[in-house]
Amino acid sequence: DRAHEQAQKRPPEEAARKGETYELVVKETQYDRVPPEVRGTINGLQTFVREVPDPDGRDALGTGDTVRVQVTDYGTKGTTAQAKFLERA
């Protein structure tokens with residue numbers, strides 16, 4: 001999408017700073033990965049969230065859920081971010 005394309009052209013820290021907390025809407029669950037993760041965007045920056053609740057448990061996250069995350073790192077090309085799950089928003 002357009003916001004993601006624009007985010008790819010700027011340094012990732014302009015969209016989301018490491019160590020900062022953000023709200024993110026889950027756009028996709030990737031529970032087949034090890035470790036399981038969910039994906040959303042922060043200011044147009046694709047963000048992959050780890051340390052999510054057990055996908056088989058009653059607290060499992062779903063598409064459309066809003067969560068609070070903390071950015072921990074950026075992807076090798078600087079076009080994505082990694083974050084850890086903190087709580088539901």
# chains A, B, ... in the order shown; residues from 1 in each chain; ligands from 1

call {"tool": "residues_around", "arguments": {"residues": "stretch 51-54 of chain A", "least_positions_apart": "6", "cutoff": "9 Å", "atoms": "only C-alpha atoms", "output": "list in words"}}
result
Pro35, Pro36, Glu37, Val38, Ala60, Leu61, Ala83, Lys84, Phe85, Leu86 and Glu87 of chain A

call {"tool": "closest_atom_pairs", "arguments": {"of": "stretch 46-73 of chain A", "to": "stretch 79-82 of chain A", "cutoff": "9 Å", "atoms": "only C-alpha atoms", "output": "CSV"}}
result
residue,atom,partner,partner_atom,distance
A:Gln46,CA,A:Thr80,CA,4.9
A:Thr47,CA,A:Ala81,CA,4.6
A:Phe48,CA,A:Gln82,CA,4.9
A:Val49,CA,A:Gln82,CA,5.9
A:Arg50,CA,A:Gln82,CA,7.6
A:Gln70,CA,A:Gln82,CA,8.5
A:Val71,CA,A:Gln82,CA,5.9
A:Thr72,CA,A:Gln82,CA,5.7
A:Asp73,CA,A:Gln82,CA,5.1

call {"tool": "select_by_dssp", "arguments": {"residues": "chain A", "states": "strand (DSSP E)", "output": "MDAnalysis selection string"}}
result
chainID A and resid 21:25 28:30 37:42 45:50 66:74 80:88

call {"tool": "atom_distance", "arguments": {"atom1": "atom CA of A:Arg33", "atom2": "atom CA of A:Gly62"}}
result
15.2 Å

call {"tool": "select_by_dssp", "arguments": {"residues": "chain A", "states": "helix (DSSP H, G or I)", "output": "list of chain:residue names"}}
result
A:Arg2, A:Ala3, A:His4, A:Glu5, A:Gln6, A:Ala7, A:Gln8, A:Pro12, A:Glu13, A:Glu14

call {"tool": "atom_distance", "arguments": {"atom1": "atom CA of A:Thr21", "atom2": "atom CA of A:Asp56"}}
result
25.8 Å

call {"tool": "closest_residue", "arguments": {"among": "A:Glu13, A:Thr76, A:Gly40, A:Arg88", "to": "A:Val25", "atoms": "only C-alpha atoms"}}
result
A:Gly40

call {"tool": "closest_residue", "arguments": {"among": "A:Ala89, A:Gly57, A:Glu14, A:Val34", "to": "A:Val69", "atoms": "only C-alpha atoms"}}
result
A:Ala89

call {"tool": "atom_distance", "arguments": {"atom1": "atom CA of A:Asn43", "atom2": "atom CA of A:Arg68"}}
result
14.0 Å

call {"tool": "residues_around", "arguments": {"residues": "A:Gly78", "least_positions_apart": "6", "cutoff": "9 Å", "atoms": "only C-alpha atoms", "output": "list in words"}}
result
Gln8, Arg10, Pro11, Pro12 and Glu13 of chain A

call {"tool": "write_last_selection", "arguments": {"atoms": "N, CA, C and O atoms", "output": "short mmCIF file (atom, residue, chain, number, x, y, z; two decimals), in the first residue's frame"}}
result
data_model
loop_
_atom_site.label_atom_id
_atom_site.label_comp_id
_atom_site.auth_asym_id
_atom_site.auth_seq_id
_atom_site.Cartn_x
_atom_site.Cartn_y
_atom_site.Cartn_z
N GLN A 8 9.18 2.88 3.12
CA GLN A 8 10.40 2.24 2.63
C GLN A 8 11.43 3.26 2.17
O GLN A 8 12.61 2.96 2.10
N ARG A 10 12.11 6.14 3.70
CA ARG A 10 12.62 6.96 4.80
C ARG A 10 13.28 6.04 5.83
O ARG A 10 13.00 4.85 5.89
N PRO A 11 14.15 6.62 6.65
CA PRO A 11 14.75 5.80 7.72
C PRO A 11 13.65 5.26 8.63
O PRO A 11 12.69 5.97 8.94
N PRO A 12 13.79 4.00 9.09
CA PRO A 12 12.71 3.42 9.91
C PRO A 12 12.47 4.17 11.21
O PRO A 12 11.34 4.22 11.69
N GLU A 13 13.52 4.82 11.76
CA GLU A 13 13.32 5.53 13.03
C GLU A 13 12.43 6.77 12.88
O GLU A 13 11.96 7.31 13.87
#

call {"tool": "residues_around", "arguments": {"residues": "A:Lys27", "least_positions_apart": "4", "cutoff": "7 Å", "atoms": "only C-alpha atoms", "output": "ChimeraX atom specification"}}
result
/A:39-40,63-64

call {"tool": "decode", "arguments": {"residues": "stretch 62-75 of chain A", "atoms": "N, CA and C atoms", "output": "compact mmCIF listing (two decimals), in the first residue's frame"}}
result
# COMPACT_ATOMS: atom_id res chain seq x y z
N GLY A 62 -6.18 -11.89 17.16
CA GLY A 62 -6.79 -12.07 15.85
C GLY A 62 -6.71 -10.81 15.03
N THR A 63 -6.96 -10.94 13.75
CA THR A 63 -6.96 -9.81 12.84
C THR A 63 -7.95 -8.76 13.35
N GLY A 64 -7.49 -7.51 13.39
CA GLY A 64 -8.34 -6.41 13.86
C GLY A 64 -8.15 -6.05 15.32
N ASP A 65 -7.49 -6.91 16.09
CA ASP A 65 -7.21 -6.59 17.50
C ASP A 65 -6.20 -5.45 17.58
N THR A 66 -6.37 -4.58 18.56
CA THR A 66 -5.41 -3.49 18.80
C THR A 66 -4.56 -3.87 20.00
N VAL A 67 -3.24 -3.75 19.83
CA VAL A 67 -2.30 -4.14 20.87
C VAL A 67 -1.27 -3.04 21.09
N ARG A 68 -0.64 -3.07 22.25
CA ARG A 68 0.49 -2.18 22.54
C ARG A 68 1.77 -2.99 22.36
N VAL A 69 2.73 -2.41 21.66
CA VAL A 69 3.99 -3.10 21.38
C VAL A 69 5.15 -2.15 21.65
N GLN A 70 6.32 -2.74 21.85
CA GLN A 70 7.54 -1.96 22.00
C GLN A 70 8.48 -2.35 20.87
N VAL A 71 8.93 -1.36 20.11
CA VAL A 71 9.84 -1.61 18.99
C VAL A 71 11.20 -2.02 19.55
N THR A 72 11.73 -3.14 19.03
CA THR A 72 13.00 -3.68 19.53
C THR A 72 14.13 -3.60 18.51
N ASP A 73 13.78 -3.59 17.21
CA ASP A 73 14.82 -3.60 16.19
C ASP A 73 14.22 -3.27 14.84
N TYR A 74 15.08 -3.15 13.83
CA TYR A 74 14.65 -2.93 12.45
C TYR A 74 15.13 -4.07 11.59
N GLY A 75 14.44 -4.32 10.49
CA GLY A 75 14.86 -5.35 9.55
C GLY A 75 16.19 -4.98 8.91
